[in-house]
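Structure below is upload-v2.cif: mmCIF, C-alpha atoms and all ligand atoms.
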```
data_start
loop_
_atom_site.label_atom_id
_atom_site.label_comp_id
_atom_site.auth_asym_id
_atom_site.auth_seq_id
_atom_site.Cartn_x
_atom_site.Cartn_y
_atom_site.Cartn_z
CA MET A 792 -16.71 -17.96 11.98
CA ASP A 793 -18.33 -15.50 9.57
CA ILE A 794 -16.55 -12.23 10.19
CA SER A 795 -13.35 -10.91 11.72
CA VAL A 796 -13.26 -7.17 12.27
CA VAL A 797 -9.70 -5.86 12.46
CA ILE A 798 -9.31 -2.44 14.06
CA PRO A 799 -5.90 -0.74 14.18
CA LEU A 800 -5.83 2.01 16.77
CA TYR A 801 -3.53 4.56 18.22
CA ASN A 802 -4.81 6.64 21.13
CA GLU A 803 -8.51 6.15 20.60
CA GLU A 804 -9.66 5.37 24.14
CA GLU A 805 -12.88 7.40 23.99
CA SER A 806 -14.21 5.72 20.85
CA LEU A 807 -13.63 2.07 21.63
CA PRO A 808 -16.58 1.15 23.90
CA GLU A 809 -19.02 2.93 21.61
CA LEU A 810 -17.49 1.32 18.53
CA TYR A 811 -17.61 -2.17 20.00
CA ALA A 812 -21.20 -1.81 21.18
CA TRP A 813 -22.21 -0.68 17.71
CA ILE A 814 -20.42 -3.57 15.99
CA GLU A 815 -21.95 -6.07 18.37
CA ARG A 816 -25.43 -4.70 17.77
CA VAL A 817 -25.05 -5.00 14.00
CA MET A 818 -23.64 -8.52 14.24
CA THR A 819 -26.39 -9.74 16.56
CA GLU A 820 -29.14 -8.25 14.43
CA ASN A 821 -27.75 -10.07 11.41
CA HIS A 822 -26.93 -13.32 13.21
CA PHE A 823 -23.26 -13.30 12.31
CA THR A 824 -20.65 -15.16 14.30
CA PHE A 825 -17.74 -12.79 14.67
CA GLU A 826 -14.61 -11.64 16.42
CA VAL A 827 -13.26 -8.13 16.84
CA ILE A 828 -9.48 -7.85 16.87
CA PHE A 829 -8.24 -4.59 18.34
CA VAL A 830 -4.63 -3.91 17.47
CA ASN A 831 -3.28 -1.35 19.88
CA ASP A 832 -0.45 0.31 18.01
CA GLY A 833 1.54 1.53 21.00
CA SER A 834 -1.10 3.93 22.34
CA THR A 835 0.04 6.24 25.10
CA ASP A 836 -3.45 6.72 26.52
CA HIS A 837 -5.66 4.13 28.21
CA SER A 838 -6.74 2.35 25.05
CA TRP A 839 -5.28 -0.98 26.16
CA GLN A 840 -7.07 -0.76 29.51
CA VAL A 841 -10.32 -0.20 27.65
CA ILE A 842 -9.65 -3.21 25.41
CA GLU A 843 -8.92 -5.41 28.43
CA ASP A 844 -12.16 -4.31 30.05
CA LEU A 845 -14.08 -5.09 26.88
CA GLN A 846 -12.37 -8.46 26.61
CA GLU A 847 -13.46 -9.41 30.11
CA LYS A 848 -17.08 -8.78 29.24
CA HIS A 849 -17.18 -10.11 25.69
CA LYS A 850 -15.52 -13.26 24.46
CA GLN A 851 -15.58 -11.99 20.84
CA VAL A 852 -13.05 -9.31 21.71
CA LYS A 853 -9.41 -10.04 20.99
CA GLY A 854 -6.50 -7.72 21.44
CA ILE A 855 -2.94 -7.30 20.28
CA LYS A 856 -0.72 -4.76 21.98
CA PHE A 857 2.40 -3.44 20.32
CA ARG A 858 5.21 -2.38 22.58
CA ARG A 859 5.59 0.83 20.63
CA ASN A 860 3.93 2.71 17.81
CA TYR A 861 4.74 1.00 14.52
CA GLY A 862 2.08 2.43 12.23
CA LYS A 863 -1.20 1.42 10.68
CA SER A 864 0.22 -1.10 8.19
CA PRO A 865 2.06 -3.22 10.77
CA ALA A 866 -1.09 -3.14 12.91
CA LEU A 867 -3.17 -4.40 10.01
CA TYR A 868 -0.60 -7.05 9.21
CA CYS A 869 -0.75 -8.54 12.71
CA GLY A 870 -4.54 -8.32 12.77
CA PHE A 871 -4.68 -10.17 9.44
CA GLU A 872 -2.39 -12.90 10.76
CA ARG A 873 -4.70 -13.49 13.70
CA ALA A 874 -8.04 -13.24 11.83
CA GLN A 875 -10.09 -16.42 11.52
CA GLY A 876 -13.35 -15.28 9.94
CA ASN A 877 -14.26 -16.12 6.36
CA VAL A 878 -14.63 -12.45 5.66
CA VAL A 879 -12.26 -9.93 7.17
CA ILE A 880 -13.42 -6.35 7.65
CA THR A 881 -11.04 -3.55 8.54
CA MET A 882 -12.21 -0.27 9.98
CA ASP A 883 -10.73 2.72 11.70
CA ALA A 884 -11.24 3.07 15.42
CA ASP A 885 -12.29 6.70 15.34
CA LEU A 886 -15.99 6.09 14.54
CA GLN A 887 -15.59 7.74 11.15
CA ASP A 888 -16.57 4.43 9.52
CA SER A 889 -19.98 3.02 10.26
CA PRO A 890 -20.41 -0.63 11.32
CA ASP A 891 -23.84 -0.51 9.67
CA GLU A 892 -22.04 -1.13 6.37
CA ILE A 893 -20.82 -4.55 7.47
CA PRO A 894 -23.77 -6.73 6.36
CA GLU A 895 -23.74 -5.35 2.82
CA LEU A 896 -19.95 -5.65 2.54
CA TYR A 897 -20.23 -9.24 3.75
CA ARG A 898 -22.90 -9.97 1.18
CA MET A 899 -20.78 -8.53 -1.64
CA ILE A 900 -17.91 -10.86 -0.77
CA VAL A 901 -19.95 -13.98 -0.13
CA SER A 902 -22.73 -13.65 -2.73
CA ASP A 903 -21.33 -11.38 -5.44
CA GLY A 904 -17.96 -13.13 -5.34
CA TYR A 905 -15.72 -10.12 -4.80
CA ASP A 906 -12.24 -10.74 -3.42
CA LEU A 907 -12.02 -7.28 -1.95
CA VAL A 908 -14.54 -4.50 -1.49
CA SER A 909 -13.28 -1.05 -0.66
CA GLY A 910 -15.40 1.62 0.95
CA TYR A 911 -15.84 4.88 -0.90
CA LYS A 912 -16.38 7.96 1.23
CA GLN A 913 -18.21 9.83 -1.49
CA LYS A 914 -19.33 12.53 0.89
CA ARG A 915 -16.47 13.16 3.26
CA TYR A 916 -16.39 15.03 6.50
CA ASP A 917 -12.77 16.01 6.44
CA PRO A 918 -11.10 19.40 5.92
CA LEU A 919 -10.59 20.62 2.32
CA SER A 920 -6.83 20.46 2.78
CA LYS A 921 -7.28 16.71 2.89
CA THR A 922 -10.02 16.07 0.35
CA ILE A 923 -8.42 17.86 -2.61
CA PRO A 924 -5.00 16.13 -2.44
CA THR A 925 -6.90 12.91 -1.86
CA LYS A 926 -8.61 13.25 -5.24
CA LEU A 927 -5.25 13.68 -6.93
CA PHE A 928 -3.79 10.80 -4.96
CA ASN A 929 -6.58 8.46 -6.02
CA ALA A 930 -6.38 9.48 -9.67
CA THR A 931 -2.66 8.65 -9.69
CA ALA A 932 -3.17 5.38 -7.85
CA ARG A 933 -5.88 4.38 -10.34
CA LYS A 934 -3.57 5.06 -13.27
CA VAL A 935 -0.51 3.33 -11.86
CA SER A 936 -2.26 0.30 -10.39
CA GLY A 937 -4.63 -0.19 -13.31
CA ILE A 938 -7.56 -0.66 -10.92
CA LYS A 939 -9.84 1.75 -12.72
CA ASN A 940 -13.00 1.39 -10.67
CA LEU A 941 -11.68 2.52 -7.28
CA HIS A 942 -12.23 6.07 -6.08
CA ASP A 943 -10.90 5.75 -2.57
CA PHE A 944 -7.85 3.49 -2.16
CA ASN A 945 -7.09 4.57 1.37
CA CYS A 946 -10.55 4.10 2.87
CA GLY A 947 -10.12 2.39 6.25
CA LEU A 948 -13.32 0.43 5.79
CA LYS A 949 -12.73 -2.56 3.57
CA ALA A 950 -13.83 -6.15 3.32
CA TYR A 951 -11.72 -9.09 2.17
CA ARG A 952 -12.12 -12.71 1.41
CA LYS A 953 -10.01 -14.54 3.97
CA GLU A 954 -7.51 -15.85 1.38
CA VAL A 955 -6.69 -12.29 0.36
CA VAL A 956 -5.47 -11.15 3.77
CA LYS A 957 -3.54 -14.38 4.21
CA SER A 958 -1.77 -13.90 0.87
CA ILE A 959 -0.70 -10.28 0.99
CA GLU A 960 1.87 -8.69 3.18
CA VAL A 961 1.11 -5.14 4.26
CA TYR A 962 4.24 -3.41 5.50
CA GLY A 963 5.73 0.07 5.87
CA GLU A 964 2.90 2.41 4.94
CA MET A 965 1.46 0.23 2.23
CA HIS A 966 -2.00 0.18 3.80
CA ARG A 967 -2.84 2.90 1.29
CA TYR A 968 -2.43 0.46 -1.54
CA ILE A 969 -3.92 -2.79 -0.28
CA PRO A 970 -6.10 -3.15 -3.40
CA TYR A 971 -2.95 -2.89 -5.51
CA LEU A 972 -1.20 -5.50 -3.33
CA ALA A 973 -4.21 -7.76 -3.71
CA LYS A 974 -4.22 -7.28 -7.44
CA ASN A 975 -0.53 -8.14 -7.65
CA ALA A 976 -1.26 -11.30 -5.67
CA GLY A 977 -3.81 -12.27 -8.32
CA PHE A 978 -7.06 -11.20 -6.67
CA ASP A 979 -8.64 -9.06 -9.31
CA LYS A 980 -12.33 -9.02 -8.43
CA ILE A 981 -12.11 -5.72 -6.64
CA GLY A 982 -15.28 -3.79 -5.95
CA GLU A 983 -16.37 -0.64 -4.29
CA LYS A 984 -19.24 0.39 -2.08
CA VAL A 985 -20.26 3.92 -1.23
CA VAL A 986 -20.12 4.24 2.55
CA HIS A 987 -21.23 6.81 5.05
CA HIS A 988 -18.55 8.86 6.64
CA GLN A 989 -18.66 10.96 9.77
CA ALA A 990 -16.51 13.68 11.18
CA ARG A 991 -14.08 12.49 13.82
CA LYS A 992 -15.90 12.52 17.14
CA TYR A 993 -13.02 12.10 19.58
CA GLY A 994 -9.27 12.56 19.40
CA LYS A 995 -7.47 13.83 16.33
CA THR A 996 -6.10 12.53 13.05
CA LYS A 997 -2.80 10.66 13.18
CA PHE A 998 -1.65 11.52 9.69
CA GLY A 999 -0.48 14.92 8.45
CA LEU A 1000 0.06 16.26 4.96
CA ASP A 1001 3.29 14.28 4.63
CA ARG A 1002 1.01 11.35 3.90
CA PHE A 1003 0.79 12.57 0.31
CA VAL A 1004 4.53 12.78 -0.23
CA ASN A 1005 5.12 9.38 1.36
CA GLY A 1006 2.11 7.94 -0.39
CA TYR A 1007 3.46 9.06 -3.75
CA LEU A 1008 6.89 7.54 -3.11
CA ASP A 1009 5.32 4.28 -1.94
CA LEU A 1010 3.26 4.14 -5.10
CA ILE A 1011 6.36 4.43 -7.25
CA SER A 1012 8.08 1.70 -5.22
CA LEU A 1013 5.10 -0.60 -5.57
CA TRP A 1014 4.86 0.01 -9.27
CA PHE A 1015 8.54 -0.73 -9.68
CA LEU A 1016 8.37 -3.82 -7.49
CA SER A 1017 5.39 -5.24 -9.28
CA ARG A 1018 6.94 -4.69 -12.70
CA PHE A 1019 10.62 -5.34 -12.16
CA GLY A 1020 10.89 -6.65 -8.61
CA LEU A 1021 12.14 -10.05 -9.72
CA LYS A 1022 13.96 -8.95 -12.85
CA PRO A 1023 15.79 -5.70 -12.10
CA MET A 1024 18.27 -6.32 -14.90
CA HIS A 1025 15.46 -5.83 -17.39
CA VAL A 1026 15.23 -2.14 -16.56
CA PHE A 1027 18.72 -1.24 -15.48
CA GLY A 1028 20.43 -3.47 -18.01
CA LEU A 1029 18.47 -1.95 -20.86
CA MET A 1030 19.02 1.65 -19.74
CA GLY A 1031 22.69 0.95 -19.04
CA THR A 1032 23.32 -0.68 -22.39
CA LEU A 1033 21.53 2.06 -24.33
CA MET A 1034 23.41 4.83 -22.56
CA PHE A 1035 26.73 3.10 -22.97
CA ILE A 1036 26.17 2.62 -26.68
CA ILE A 1037 25.17 6.25 -27.16
CA GLY A 1038 28.26 7.37 -25.26
CA PHE A 1039 30.49 5.03 -27.19
CA ILE A 1040 29.22 6.25 -30.56
CA LEU A 1041 29.75 9.83 -29.45
CA VAL A 1042 33.35 9.09 -28.48
CA ILE A 1043 34.01 7.52 -31.85
CA VAL A 1044 32.51 10.53 -33.60
CA VAL A 1045 34.55 12.99 -31.54
CA GLY A 1046 37.80 11.02 -32.05
CA ALA A 1047 37.23 10.27 -35.70
CA SER A 1048 36.41 13.84 -36.60
CA LYS A 1049 39.63 15.01 -34.97
CA LEU A 1050 41.68 12.41 -36.85
CA TYR A 1051 39.93 13.40 -40.05
CA ALA A 1052 40.67 17.06 -39.48
CA MET A 1053 44.35 16.35 -38.67
CA HIS A 1054 44.75 14.15 -41.70
CA HIS A 1055 43.30 16.71 -44.08
CA GLY A 1056 45.26 19.57 -42.63
CA LEU A 1057 42.17 21.37 -41.34
CA GLY A 1058 42.16 23.34 -38.12
CA TYR A 1059 41.48 21.16 -35.09
CA ARG A 1060 41.13 21.52 -31.32
CA LEU A 1061 41.81 19.40 -28.30
CA VAL A 1062 39.23 16.66 -27.81
CA THR A 1063 38.57 18.05 -24.36
CA ASP A 1064 37.44 21.34 -25.88
CA SER A 1065 34.44 19.68 -27.43
CA PRO A 1066 31.24 19.55 -25.38
CA TYR A 1067 30.43 16.21 -26.99
CA PHE A 1068 33.41 14.67 -25.29
CA TYR A 1069 31.94 15.42 -21.88
CA ILE A 1070 28.49 14.28 -22.88
CA ALA A 1071 29.97 11.02 -24.15
CA LEU A 1072 31.97 10.55 -20.97
CA THR A 1073 28.98 11.11 -18.70
CA THR A 1074 26.71 8.86 -20.72
CA MET A 1075 29.20 6.00 -20.67
CA LEU A 1076 29.80 6.38 -16.95
CA MET A 1077 26.09 6.46 -16.20
CA GLY A 1078 25.49 3.52 -18.46
CA THR A 1079 28.04 1.47 -16.54
CA GLN A 1080 26.44 2.52 -13.24
CA PHE A 1081 22.98 1.48 -14.39
CA PHE A 1082 24.31 -1.84 -15.54
CA LEU A 1083 25.98 -2.43 -12.20
CA ALA A 1084 22.77 -1.49 -10.38
CA GLY A 1085 21.00 -4.10 -12.46
CA PHE A 1086 23.54 -6.74 -11.56
CA LEU A 1087 23.33 -5.93 -7.88
CA GLY A 1088 19.54 -6.01 -8.12
CA GLU A 1089 19.74 -9.47 -9.64
CA LEU A 1090 22.04 -10.68 -6.90
CA ILE A 1091 19.65 -9.38 -4.27
CA SER A 1092 16.52 -10.78 -5.85
CA ARG A 1093 18.22 -14.16 -6.28
CA ASN A 1094 18.36 -14.35 -2.51
CA SER A 1095 14.90 -12.94 -1.93
CA PRO A 1096 12.44 -15.25 -0.18
CA GLU A 1097 9.87 -13.82 -2.60
CA ARG A 1098 11.54 -15.22 -5.67
CA ASN A 1099 9.51 -18.41 -5.80
CA ASN A 1100 6.52 -17.33 -3.82
CA TYR A 1101 3.54 -18.01 -6.09
CA GLN A 1102 -0.15 -17.91 -5.33
CA ILE A 1103 -1.36 -21.38 -6.25
CA GLU A 1104 -5.11 -21.34 -6.38
CA LYS A 1105 -5.85 -25.04 -6.84
CA GLU A 1106 -4.06 -28.32 -7.31
CA ILE A 1107 -5.56 -31.71 -8.11
N1 LIG A 1201 -3.61 4.41 13.43
C1 LIG A 1201 -2.76 3.42 13.92
N2 LIG A 1201 -1.42 3.68 14.01
C2 LIG A 1201 -0.87 4.88 13.65
C3 LIG A 1201 -1.74 5.87 13.13
C4 LIG A 1201 -3.09 5.60 13.02
O1 LIG A 1201 -3.21 2.33 14.25
O2 LIG A 1201 0.33 5.06 13.76
C5 LIG A 1201 -5.05 4.15 13.33
C6 LIG A 1201 -5.93 5.22 13.99
O3 LIG A 1201 -6.03 5.03 15.37
C7 LIG A 1201 -7.23 5.01 13.28
C8 LIG A 1201 -6.79 4.63 11.87
O4 LIG A 1201 -5.44 4.18 11.98
O5 LIG A 1201 -7.98 3.95 13.83
C9 LIG A 1201 -6.87 5.78 10.90
O6 LIG A 1201 -6.22 6.90 11.42
P1 LIG A 1201 -6.82 8.38 11.34
O7 LIG A 1201 -8.26 8.37 11.68
O8 LIG A 1201 -5.95 9.26 12.16
O9 LIG A 1201 -6.62 8.71 9.81
P2 LIG A 1201 -7.56 9.61 8.89
O10 LIG A 1201 -8.99 9.19 9.15
O11 LIG A 1201 -7.28 11.00 9.28
O12 LIG A 1201 -7.12 9.25 7.50
MG MG A 1202 -10.01 8.88 10.73
#
```
Could you write out this structure as C-alpha cells?
Ligand code: UDP
Ligand code: MG
Amino acid sequence: MDISVVIPLYNEEESLPELYAWIERVMTENHFTFEVIFVNDGSTDHSWQVIEDLQEKHKQVKGIKFRRNYGKSPALYCGFERAQGNVVITMDADLQDSPDEIPELYRMIVSDGYDLVSGYKQKRYDPLSKTIPTKLFNATARKVSGIKNLHDFNCGLKAYRKEVVKSIEVYGEMHRYIPYLAKNAGFDKIGEKVVHHQARKYGKTKFGLDRFVNGYLDLISLWFLSRFGLKPMHVFGLMGTLMFIIGFILVIVVGASKLYAMHHGLGYRLVTDSPYFYIALTTMLMGTQFFLAGFLGELISRNSPERNNYQIEKEI
C-alpha cells in the first residue's frame, strides 16, 4: 500500500464526509493505493456514526474509537500503530489542511529521500492571538531541537516514511514535537513544504492558549530527556558535587577565620552571625539533594525499558 492517512479527530462530524471525499478524489487521480485511518478521540457528537457510515461504503476507511478523550498525541500513536502504507500522512480533520498536498508530500518522501516532511502554513487563517505566540514557539523549538529548517513544528499536515512512525512513540502532548522525536530516533532528513491553510469551516478549535505554556514545558522535558534521559547522574551529580564543594569551602573559611581571630585576640562573633554560614549551609544541603536526585534518576533509568532500545538500521 502506498499511503496511510491518519486523522485524529474530536467532535468533527460535519467535516468528515467532505474530507474523505476530497482525499479519495486526490488518491484516485494520482493512482495511489491508500487507507484512511480515522481515530475518534472520544467525540461526544456523531463523529463515530459518520465514520461507520463511511466505512460501509468504502473499504479504504478504517476507524479506531477511543472510549474517552485522550488527546491528539494518543490518537496519533494508535493511528501510527495501525498504519500499513509506505508513506504515512497525518492531517487534521477540520479541513484546515488540504488533501491536494498529498501527492507532492509523497513524492518528497519517496523520490527526494526525506524521512519526514512537515507542512508549513506560511499564510495562516487563524486569529492573531494564535499566530504571534506560534512564531515564538517555533523559534524556541528550532533552537532547542537543533532542527533549524522548520518553521512550523506543530503543523497537523505531515508526511513520514513508514519506519519513522514505527520507531517513535508520541505520548502526552508531544505531537507538537514529532520532528524532534524523529530526530532523536536518528531520522535526520527532515524537510518542509509550504502548504495551503484554510480557516476552520465547521466546529471550533480544541486547543486554547494553555497550549503555549504546556508546549514550553514539554519542550524542556524533551530536551532534558534527549540529553540526560539515560544518564541523569551526569547533570545532577555534577551540580551536586560543585555545590557541595563550594559550600564546604565556605564552611572552612567561616570556621578558620573565627579560629584565627580567637587565636590572635581579635574581636570575633558567633559563626551563626555570619551570612556566609547560612550560604554555606544551604549550598551543601542543596548539593546533597541534587546528588540524591541523580542517584534516584540512575536507579529509575536502570529499570527503564528504554535503556537498551536502539534504532538499528541494518545488519548483515
Ligand atoms: N483533536 C483530537 N483530540 C483532542 C483535540 C484535538 O483528536 O483532544 C484533533 C482535532 O479534532 C483536529 C486536530 O486534532 O482534527 C487539530 O485540532 P484543532 O483543529 O482544534 O487545532 P488547531 O488547528 O486549532 O491547532
Ligand atoms: Mg485546526
Problem - Between CA of Lys856 in chain A and atom O9 of ligand LIG 1201 (chain A) - distance in Å to one decimal - result: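 These atoms are spaced 19.1 Å apart.
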Exercise for the section: Would you list the residues that come within 10 Å of ligand MG 1202 (chain A)? Count all atoms listed in the file and give the answer as JSON, numbers by chain. Expected result: {"A": [882, 883, 884, 885, 886, 887, 888, 916, 917, 946, 947, 988, 989, 990, 991, 992, 993, 994, 995, 996, 997, 998]}
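Nearest residue to Gly862 in chain A, choosing from A:His1055, A:His987, A:His1025, A:His966 and counting all atoms listed in the file: A:His966.
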Padded axis-aligned box of ligand LIG 1201 (chain A) (8 Å per side), centre and edge lengths, Å, one decimal, as AutoDock Vina command-line options:
```
--center_x -4.3 --center_y 6.7 --center_z 11.4 --size_x 25.3 --size_y 24.7 --size_z 23.9
```
Problem - Nearest to Val955 in chain A, chosen from A:Thr824, A:Asn975, A:Ser1095, A:Thr1074, with all atoms listed in the file counted in the distances - result: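 Looking at the shortest contact to Val955 in chain A, the residue is A:Asn975.
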Problem - Surrounding residues of Asp979 in chain A excluding itself and chain neighbours under 5 positions, 9 Å, all atoms listed in the file, as a PyMOL selection string - result: chain A and resi 905-907+938+970+973-974
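Nearest-residue note for Tyr897 in chain A: choosing from A:Arg952, A:Lys1105, A:Lys1022, A:Arg816, the minimum distance belongs to A:Arg952, counting all atoms listed in the file.
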Exercise for the section: Figure out the distance between CA of Gln1080 in chain A and CA of Asn1094 in chain A, please, to one decimal in Å. Expected result: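 For CA of Asn1094 in chain A relative to CA of Gln1080 in chain A, the distance reads 21.6 Å.
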Exercise for the section: Provide the CA of Arg1060 in chain A to CA of Ile1036 in chain A distance in Å, to one decimal place. Expected result: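 Result for CA of Arg1060 in chain A versus CA of Ile1036 in chain A: 24.5 Å, one decimal.
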Practice task
Point out the residue among A:Ser909, A:Lys921, A:Gln851, A:Ile880 with the least atom-to-atom distance to ligand LIG 1201 (chain A), counting only C-alpha atoms and all ligand atoms.
Solution key: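 Closest candidate: A:Lys921.
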Exercise for the section: Identify which of the residues A:His822, A:Arg1098, A:Lys912, A:Lys853 lies closest to Thr925 in chain A, counting all atoms listed in the file when measuring atom-to-atom distances. Expected result: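 The closest residue to Thr925 in chain A is A:Lys912.
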Exercise for the section: Write out as JSON, numbers by chain which residues come within 7 Å of range 1077-1079 of chain A when counting all atoms listed in the file, dropping same-chain ones fewer than 5 positions away. Expected result: {"A": [1030, 1031, 1032, 1034, 1035]}
Exercise for the section: Counting only C-alpha atoms, note down every residue that has an atom within 12 Å of the point (4.4, 9.1, -2.1) (file coordinates), as a PyMOL selection string. Expected result: chain A and resi 924-925+927-929+931-932+964-965+967-968+1000-1014
Practice task
May I ask which of the residues A:Ile959, A:Val852, A:Val1045, A:Ile1070 is the closest one to Val827 in chain A, counting all atoms listed in the file?
Solution key: A:Val852
Exercise for the section: Find the residues near Tyr868 in chain A: any atom within 9 Å, counting all atoms listed in the file, skip ones fewer than 6 places away on the same chain, and give them as an MDAnalysis selection string. Expected result: chainID A and resid 956 959:962
